[in-house]
>>> print(open('input_5.pdb').read())   # PDB, C-alpha atoms
MODEL        1
ATOM      1  CA  MET A   1      17.357 -61.856 -48.266  1.00  0.00           C
ATOM      2  CA  SER A   2      16.949 -58.292 -49.447  1.00  0.00           C
ATOM      3  CA  THR A   3      14.555 -55.821 -47.860  1.00  0.00           C
ATOM      4  CA  ILE A   4      12.369 -55.738 -50.987  1.00  0.00           C
ATOM      5  CA  THR A   5      12.118 -59.537 -51.082  1.00  0.00           C
ATOM      6  CA  ARG A   6      11.314 -59.672 -47.374  1.00  0.00           C
ATOM      7  CA  THR A   7       8.612 -57.034 -47.795  1.00  0.00           C
ATOM      8  CA  ALA A   8       7.118 -58.911 -50.762  1.00  0.00           C
ATOM      9  CA  VAL A   9       6.988 -62.123 -48.718  1.00  0.00           C
ATOM     10  CA  HIS A  10       5.273 -60.320 -45.826  1.00  0.00           C
ATOM     11  CA  VAL A  11       2.708 -58.742 -48.153  1.00  0.00           C
ATOM     12  CA  ALA A  12       2.005 -62.124 -49.768  1.00  0.00           C
ATOM     13  CA  LEU A  13       1.526 -63.754 -46.348  1.00  0.00           C
ATOM     14  CA  VAL A  14      -0.868 -61.021 -45.214  1.00  0.00           C
ATOM     15  CA  LEU A  15      -2.929 -61.347 -48.413  1.00  0.00           C
ATOM     16  CA  LEU A  16      -3.012 -65.128 -48.074  1.00  0.00           C
ATOM     17  CA  LEU A  17      -4.174 -64.892 -44.465  1.00  0.00           C
ATOM     18  CA  TRP A  18      -6.817 -62.278 -45.368  1.00  0.00           C
ATOM     19  CA  SER A  19      -8.121 -64.519 -48.180  1.00  0.00           C
ATOM     20  CA  PHE A  20      -8.327 -67.498 -45.828  1.00  0.00           C
ATOM     21  CA  VAL A  21     -10.285 -65.485 -43.258  1.00  0.00           C
ATOM     22  CA  MET A  22     -12.700 -64.124 -45.899  1.00  0.00           C
ATOM     23  CA  ILE A  23     -13.406 -67.645 -47.198  1.00  0.00           C
ATOM     24  CA  ALA A  24     -13.687 -69.228 -43.738  1.00  0.00           C
ATOM     25  CA  MET A  25     -15.928 -66.593 -42.100  1.00  0.00           C
ATOM     26  CA  PRO A  26     -19.168 -67.558 -43.902  1.00  0.00           C
ATOM     27  CA  PHE A  27     -18.798 -71.139 -42.631  1.00  0.00           C
ATOM     28  CA  ILE A  28     -18.419 -70.165 -38.982  1.00  0.00           C
ATOM     29  CA  GLY A  29     -20.894 -67.304 -38.775  1.00  0.00           C
ATOM     30  CA  PRO A  30     -24.479 -67.700 -37.592  1.00  0.00           C
ATOM     31  CA  ALA A  31     -27.342 -68.268 -40.029  1.00  0.00           C
ATOM     32  CA  GLY A  32     -28.814 -65.084 -41.456  1.00  0.00           C
ATOM     33  CA  ARG A  33     -25.501 -63.325 -42.106  1.00  0.00           C
ATOM     34  CA  GLN A  34     -24.968 -61.744 -45.475  1.00  0.00           C
ATOM     35  CA  VAL A  35     -22.546 -63.456 -47.877  1.00  0.00           C
ATOM     36  CA  ALA A  36     -21.086 -62.395 -51.231  1.00  0.00           C
ATOM     37  CA  VAL A  37     -21.378 -65.017 -53.961  1.00  0.00           C
ATOM     38  CA  VAL A  38     -18.623 -64.157 -56.431  1.00  0.00           C
ATOM     39  CA  GLY A  39     -18.971 -64.627 -60.166  1.00  0.00           C
ATOM     40  CA  ASP A  40     -21.604 -64.369 -62.862  1.00  0.00           C
ATOM     41  CA  ALA A  41     -24.835 -62.909 -61.457  1.00  0.00           C
ATOM     42  CA  ASN A  42     -27.139 -65.408 -63.186  1.00  0.00           C
ATOM     43  CA  ARG A  43     -25.148 -68.404 -61.955  1.00  0.00           C
ATOM     44  CA  ALA A  44     -24.952 -66.901 -58.460  1.00  0.00           C
ATOM     45  CA  MET A  45     -28.718 -66.250 -58.329  1.00  0.00           C
ATOM     46  CA  ARG A  46     -29.478 -69.833 -59.405  1.00  0.00           C
ATOM     47  CA  ALA A  47     -27.168 -71.163 -56.666  1.00  0.00           C
ATOM     48  CA  ILE A  48     -28.707 -68.843 -54.062  1.00  0.00           C
ATOM     49  CA  VAL A  49     -32.286 -69.856 -54.862  1.00  0.00           C
ATOM     50  CA  ALA A  50     -31.383 -73.567 -55.035  1.00  0.00           C
ATOM     51  CA  ALA A  51     -29.611 -73.288 -51.659  1.00  0.00           C
ATOM     52  CA  GLY A  52     -32.683 -71.764 -50.014  1.00  0.00           C
ATOM     53  CA  GLY A  53     -31.438 -68.185 -49.806  1.00  0.00           C
ATOM     54  CA  GLN A  54     -32.592 -64.723 -50.781  1.00  0.00           C
ATOM     55  CA  VAL A  55     -30.809 -62.285 -53.074  1.00  0.00           C
ATOM     56  CA  VAL A  56     -30.091 -59.048 -51.197  1.00  0.00           C
ATOM     57  CA  GLU A  57     -28.302 -57.078 -53.915  1.00  0.00           C
ATOM     58  CA  VAL A  58     -26.579 -57.683 -57.239  1.00  0.00           C
ATOM     59  CA  ARG A  59     -23.216 -55.947 -57.676  1.00  0.00           C
ATOM     60  CA  ARG A  60     -20.551 -56.073 -60.354  1.00  0.00           C
ATOM     61  CA  GLY A  61     -18.767 -59.364 -59.802  1.00  0.00           C
ATOM     62  CA  ALA A  62     -20.749 -60.550 -56.775  1.00  0.00           C
ATOM     63  CA  THR A  63     -24.277 -61.133 -55.588  1.00  0.00           C
ATOM     64  CA  LEU A  64     -25.077 -60.487 -51.931  1.00  0.00           C
ATOM     65  CA  ALA A  65     -27.383 -63.017 -50.311  1.00  0.00           C
ATOM     66  CA  ARG A  66     -28.561 -64.405 -46.996  1.00  0.00           C
ATOM     67  CA  SER A  67     -30.483 -67.351 -45.636  1.00  0.00           C
ATOM     68  CA  ARG A  68     -31.918 -68.078 -42.235  1.00  0.00           C
ATOM     69  CA  TYR A  69     -30.993 -71.762 -42.592  1.00  0.00           C
ATOM     70  CA  PRO A  70     -27.745 -73.247 -41.224  1.00  0.00           C
ATOM     71  CA  GLY A  71     -25.449 -74.775 -43.850  1.00  0.00           C
ATOM     72  CA  PHE A  72     -26.295 -72.135 -46.461  1.00  0.00           C
ATOM     73  CA  VAL A  73     -22.692 -71.682 -47.605  1.00  0.00           C
ATOM     74  CA  ARG A  74     -22.179 -75.425 -48.101  1.00  0.00           C
ATOM     75  CA  ARG A  75     -25.379 -75.585 -50.134  1.00  0.00           C
ATOM     76  CA  LEU A  76     -24.223 -72.617 -52.234  1.00  0.00           C
ATOM     77  CA  TYR A  77     -21.039 -74.458 -53.179  1.00  0.00           C
ATOM     78  CA  ALA A  78     -23.011 -77.661 -53.817  1.00  0.00           C
ATOM     79  CA  ASN A  79     -25.278 -75.724 -56.197  1.00  0.00           C
ATOM     80  CA  GLY A  80     -22.487 -74.210 -58.277  1.00  0.00           C
ATOM     81  CA  ALA A  81     -21.221 -71.109 -56.463  1.00  0.00           C
ATOM     82  CA  VAL A  82     -17.657 -70.326 -57.537  1.00  0.00           C
ATOM     83  CA  ALA A  83     -16.606 -68.572 -54.314  1.00  0.00           C
ATOM     84  CA  VAL A  84     -18.433 -67.313 -51.236  1.00  0.00           C
ATOM     85  CA  PHE A  85     -17.017 -64.570 -49.008  1.00  0.00           C
ATOM     86  CA  GLU A  86     -18.173 -62.825 -45.848  1.00  0.00           C
ATOM     87  CA  GLY A  87     -20.707 -60.330 -47.159  1.00  0.00           C
ATOM     88  CA  ARG A  88     -20.359 -57.243 -44.983  1.00  0.00           C
ATOM     89  CA  ILE A  89     -16.664 -56.912 -45.716  1.00  0.00           C
ATOM     90  CA  ALA A  90     -16.489 -58.326 -49.259  1.00  0.00           C
ATOM     91  CA  GLY A  91     -19.599 -56.438 -50.348  1.00  0.00           C
ATOM     92  CA  GLY A  92     -17.658 -53.201 -50.181  1.00  0.00           C
ATOM     93  CA  CYS A  93     -15.090 -54.579 -52.626  1.00  0.00           C
ATOM     94  CA  PHE A  94     -17.641 -54.818 -55.431  1.00  0.00           C
ATOM     95  CA  SER A  95     -19.223 -51.721 -56.958  1.00  0.00           C
ATOM     96  CA  LYS A  96     -22.976 -51.413 -57.288  1.00  0.00           C
ATOM     97  CA  ALA A  97     -24.346 -52.567 -60.629  1.00  0.00           C
ATOM     98  CA  GLY A  98     -25.621 -49.091 -61.601  1.00  0.00           C
ATOM     99  CA  ALA A  99     -22.456 -47.233 -60.565  1.00  0.00           C
TER     100      ALA A  99
ENDMDL
END
>>> encode(input="input_5.pdb", output="structure tokens")
Amino acid sequence: MSTITRTAVHVALVLLLWSFVMIAMPFIGPAGRQVAVVGDANRAMRAIVAAGGQVVEVRRGATLARSRYPGFVRRLYANGAVAVFEGRIAGGCFSKAGA
């Protein structure tokens, strides 16, 4: 295996692991933590409200939200959220709507 191929495999594994961690963290964190609901803002806001959460901030590509109730992330998915990531880290990946 060439050095370039080996490097590409390592990069792919790191990105896969990072993605897994970002998706898993909202499920294992305590209630009240901020999450980033990825996708269309209107769809995300409907899912957040239906899941019993509050919109914190709308960004390009994601809506930041939180809820004090356990099981918030599961309810987000049940109410149509496309993807939910850990908010403090993922929030920085999406620019502010006015920027």
>>> atom_distance(input="input_5.pdb", atom1="atom CA of A:Ala78", atom2="atom CA of A:Val49")
12.2 Å
>>> residues_around(input="input_5.pdb", residues="A:Ala51", least_positions_apart="6", cutoff="12 Å", atoms="all atoms listed in the file", output="list of chain:residue names")
A:Val37, A:Ala44, A:Met45, A:Ala65, A:Arg66, A:Ser67, A:Arg68, A:Tyr69, A:Pro70, A:Gly71, A:Phe72, A:Val73, A:Arg74, A:Arg75, A:Leu76, A:Tyr77, A:Ala78, A:Asn79, A:Gly80, A:Ala81
>>> atom_distance(input="input_5.pdb", atom1="atom CA of A:Arg88", atom2="atom CA of A:Thr7")
29.1 Å
>>> closest_residue(input="input_5.pdb", among="A:Val14, A:Gly32, A:Gly39, A:Thr3", to="A:Arg59", atoms="all atoms listed in the file")
A:Gly39
>>> atom_distance(input="input_5.pdb", atom1="atom CA of A:Gly61", atom2="atom CA of A:Leu15")
19.6 Å
>>> closest_residue(input="input_5.pdb", among="A:Glu57, A:Thr5, A:Val84, A:Val11", to="A:Met25", atoms="only C-alpha atoms")
A:Val84
>>> residues_around(input="input_5.pdb", residues="A:Gly87", least_positions_apart="3", cutoff="12 Å", atoms="all atoms listed in the file", output="count of residues only")
32
>>> closest_residue(input="input_5.pdb", among="A:Ala8, A:Ser19, A:Leu13, A:Val82", to="A:Ile48", atoms="only C-alpha atoms")
A:Val82
